[in-house]
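Okay, so here's the structure we're looking at.
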Amino acid sequence: VYSIAASGVNIFAATYGGGIFLSTNNGSNWTAVNNGLTNNYFYSLAVSGTNIFAGNNGAGIFFSTNNGNSWTQVNNGLRNRIVYSLFSNGSNIYAGSGSEIFLSTNNGTSWTQSYYTPSTSFTYSFVNIGTNLFAGSFGIGVLLSTNNGTSWTSVNNGLTNLNVYSLAASGNNLFAGTAAGGVFLSTNNGTSWTQVNNGLPNNIVWSLLVNGSNIFA
């Protein structure tokens with residue numbers, strides 16, 4: 001299971017090899033909902049209203065409007081079909097696909113490349129603080145967009161490990177989980193970063209979650 005997303009009382013789990021599963025009772029039972037899927041190897045999920053997006057390894061992005069009862073591929077403009085991360089922010093959907101970031105403003109009907117780097121990198125995570133949108137990438141650190149993902153700039157001052165797996169926001173605090181440097185904190189939208197690993201016995205941080213004033217790594 002690489003990703004979990006909730007839509008109302010429905011919980012979706014994206015698996016690598018088994019496709020997408022749905023639970024309507026808080027995980028007590030799960031049912032495969034793979035109708036329309038051509039590839040069952042998934043990395044990511046995102047929910048936008050009643051729309052569900054699923055990012056695949058090789059087949060791009062699938063889209064469902066009926067809680068996973070059926071899926072449709074929505075890859076128009078998507079050059080890279082390995083989608084490691086998806087993020088919904090208002091009416092915009094973002095896809096992290098290798099060294100590229102794609103943006104859709106029409107529920108996946110079409111995608112536009114908004115970031116590209118020739119270096120080897122993998123965009124694993126997104127988060128927003130107000131109108132600031134951040135992307136965490138394995139290889140190039142943290143990217144910031146102040147114009148809804150139209151353009152991106154690196155914000156890595158003090159981030160001594162540029163292999164970022166996860167991002168999370170708590171108020172104006174931005175956290176980055178890295179592959180070997182543990183957790184970093186920025187209080188100024190990525191302008192500077194400080195390592196915050198006191199009590200953290202393992203510096204490989206795949207995921208971060210904020211729940212109220214609590215942060216889980």
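Every chain in the structure tokens has a letter given in the order shown (A, B, ...), and although residue numbers restart at 1 in each chain, ligands are simply numbered from 1 in the order shown.
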
Just want the 9 Å neighbourhood of A:Gly77, counted on only C-alpha atoms, with same-chain residues fewer than 3 positions away dropped. Output as a list in words.
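Here the qualifying residues turn out to be Phe102, Ser110, Trp111, Thr112 and Gln113 of chain A.
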
Looking only at the backbone, which of the residues in stretch 41-137 of chain A does DSSP tag as strand (DSSP E or B), as a PyMOL selection string?
chain A and resi 41-48+51-57+61-64+72-73+82+85-89+92-97+100-104+112-116+122-129+132-137

Report as number ranges by chain all protein, DNA and RNA residues lying within 9 Å of stretch 179-186 of chain A, evaluated on only C-alpha atoms, omitting residues in the same chain fewer than 2 positions from it.
A: 138, 158-165, 172-177, 188-197, 200, 202-206, 217

By how many Å are atom CA of A:Asn106 and atom CA of A:Thr24 apart?
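So the two atoms, atom CA of A:Asn106 and atom CA of A:Thr24, lie 27.7 Å apart.
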
Calculate how many Å separate atom CA of A:Trp71 from atom CA of A:Tyr16, rounding to one decimal.
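Answer for the atom CA of A:Trp71 to atom CA of A:Tyr16 separation: 16.8 Å.
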
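Minimum distance to A:Ser99 across A:Gly55, A:Pro201, A:Gly136, A:Pro118 (counting only C-alpha atoms) occurs at A:Pro118.
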
Need to verify the contact set: A:Glu100, 7 Å, only C-alpha atoms, exclusion of same-chain residues closer than 4 positions in sequence. Can you return it as a list in words?
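Close residues of A:Glu100: Gly96, Gln113, Tyr115, Tyr116 and Thr117 of chain A.
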
Residues from the last selection, N, CA, C and O atoms, saved as a short mmCIF file (atom, residue, chain, number, x, y, z; two decimals), in the first residue's frame:
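Listed below is the output, result.cif:
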```cif
data_model
loop_
_atom_site.label_atom_id
_atom_site.label_comp_id
_atom_site.auth_asym_id
_atom_site.auth_seq_id
_atom_site.Cartn_x
_atom_site.Cartn_y
_atom_site.Cartn_z
N GLY A 96 3.15 14.48 -9.79
CA GLY A 96 4.60 14.38 -9.78
C GLY A 96 5.01 13.13 -10.53
O GLY A 96 4.68 12.01 -10.12
N GLN A 113 2.72 20.49 -18.58
CA GLN A 113 3.98 20.40 -17.83
C GLN A 113 4.30 21.77 -17.24
O GLN A 113 4.38 22.77 -17.94
N TYR A 115 6.87 21.94 -14.65
CA TYR A 115 8.26 21.88 -14.17
C TYR A 115 8.96 20.71 -14.84
O TYR A 115 8.37 19.64 -15.01
N TYR A 116 10.23 20.96 -15.19
CA TYR A 116 11.07 19.89 -15.73
C TYR A 116 12.51 20.15 -15.35
O TYR A 116 12.98 21.29 -15.38
N THR A 117 13.23 19.10 -14.99
CA THR A 117 14.66 19.19 -14.77
C THR A 117 15.31 18.02 -15.48
O THR A 117 14.78 16.91 -15.46
#
```

Would you tabulate, counting only C-alpha atoms, all residues of stretch 108-145 of chain A that have an atom at most 12 Å from an atom of stretch 46-54 of chain A, showing the closest pair of atoms and their distance in Å to one decimal, sorted by chain then ascending number, as a tab-separated table?
```
residue	atom	partner	partner_atom	distance
A:Gly108	CA	A:Phe53	CA	8.4
A:Thr109	CA	A:Phe53	CA	11.8
A:Ser125	CA	A:Ala46	CA	11.4
A:Phe126	CA	A:Ala46	CA	10.9
```

Identify which of the residues A:Gly60, A:Gly199, A:Gly17, A:Gly27 lies closest to A:Tyr41, counting only C-alpha atoms when measuring atom-to-atom distances.
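Closest residue, counting only C-alpha atoms: A:Gly17.
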
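Proximity ranking of A:Ser88, A:Asn10, A:Asn75, A:Asn80 relative to A:Leu45 places A:Ser88 first, based on only C-alpha atoms.
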
So how many Å separate atom CA of A:Val74 and atom CA of A:Ile61, to one decimal?
5.7 Å
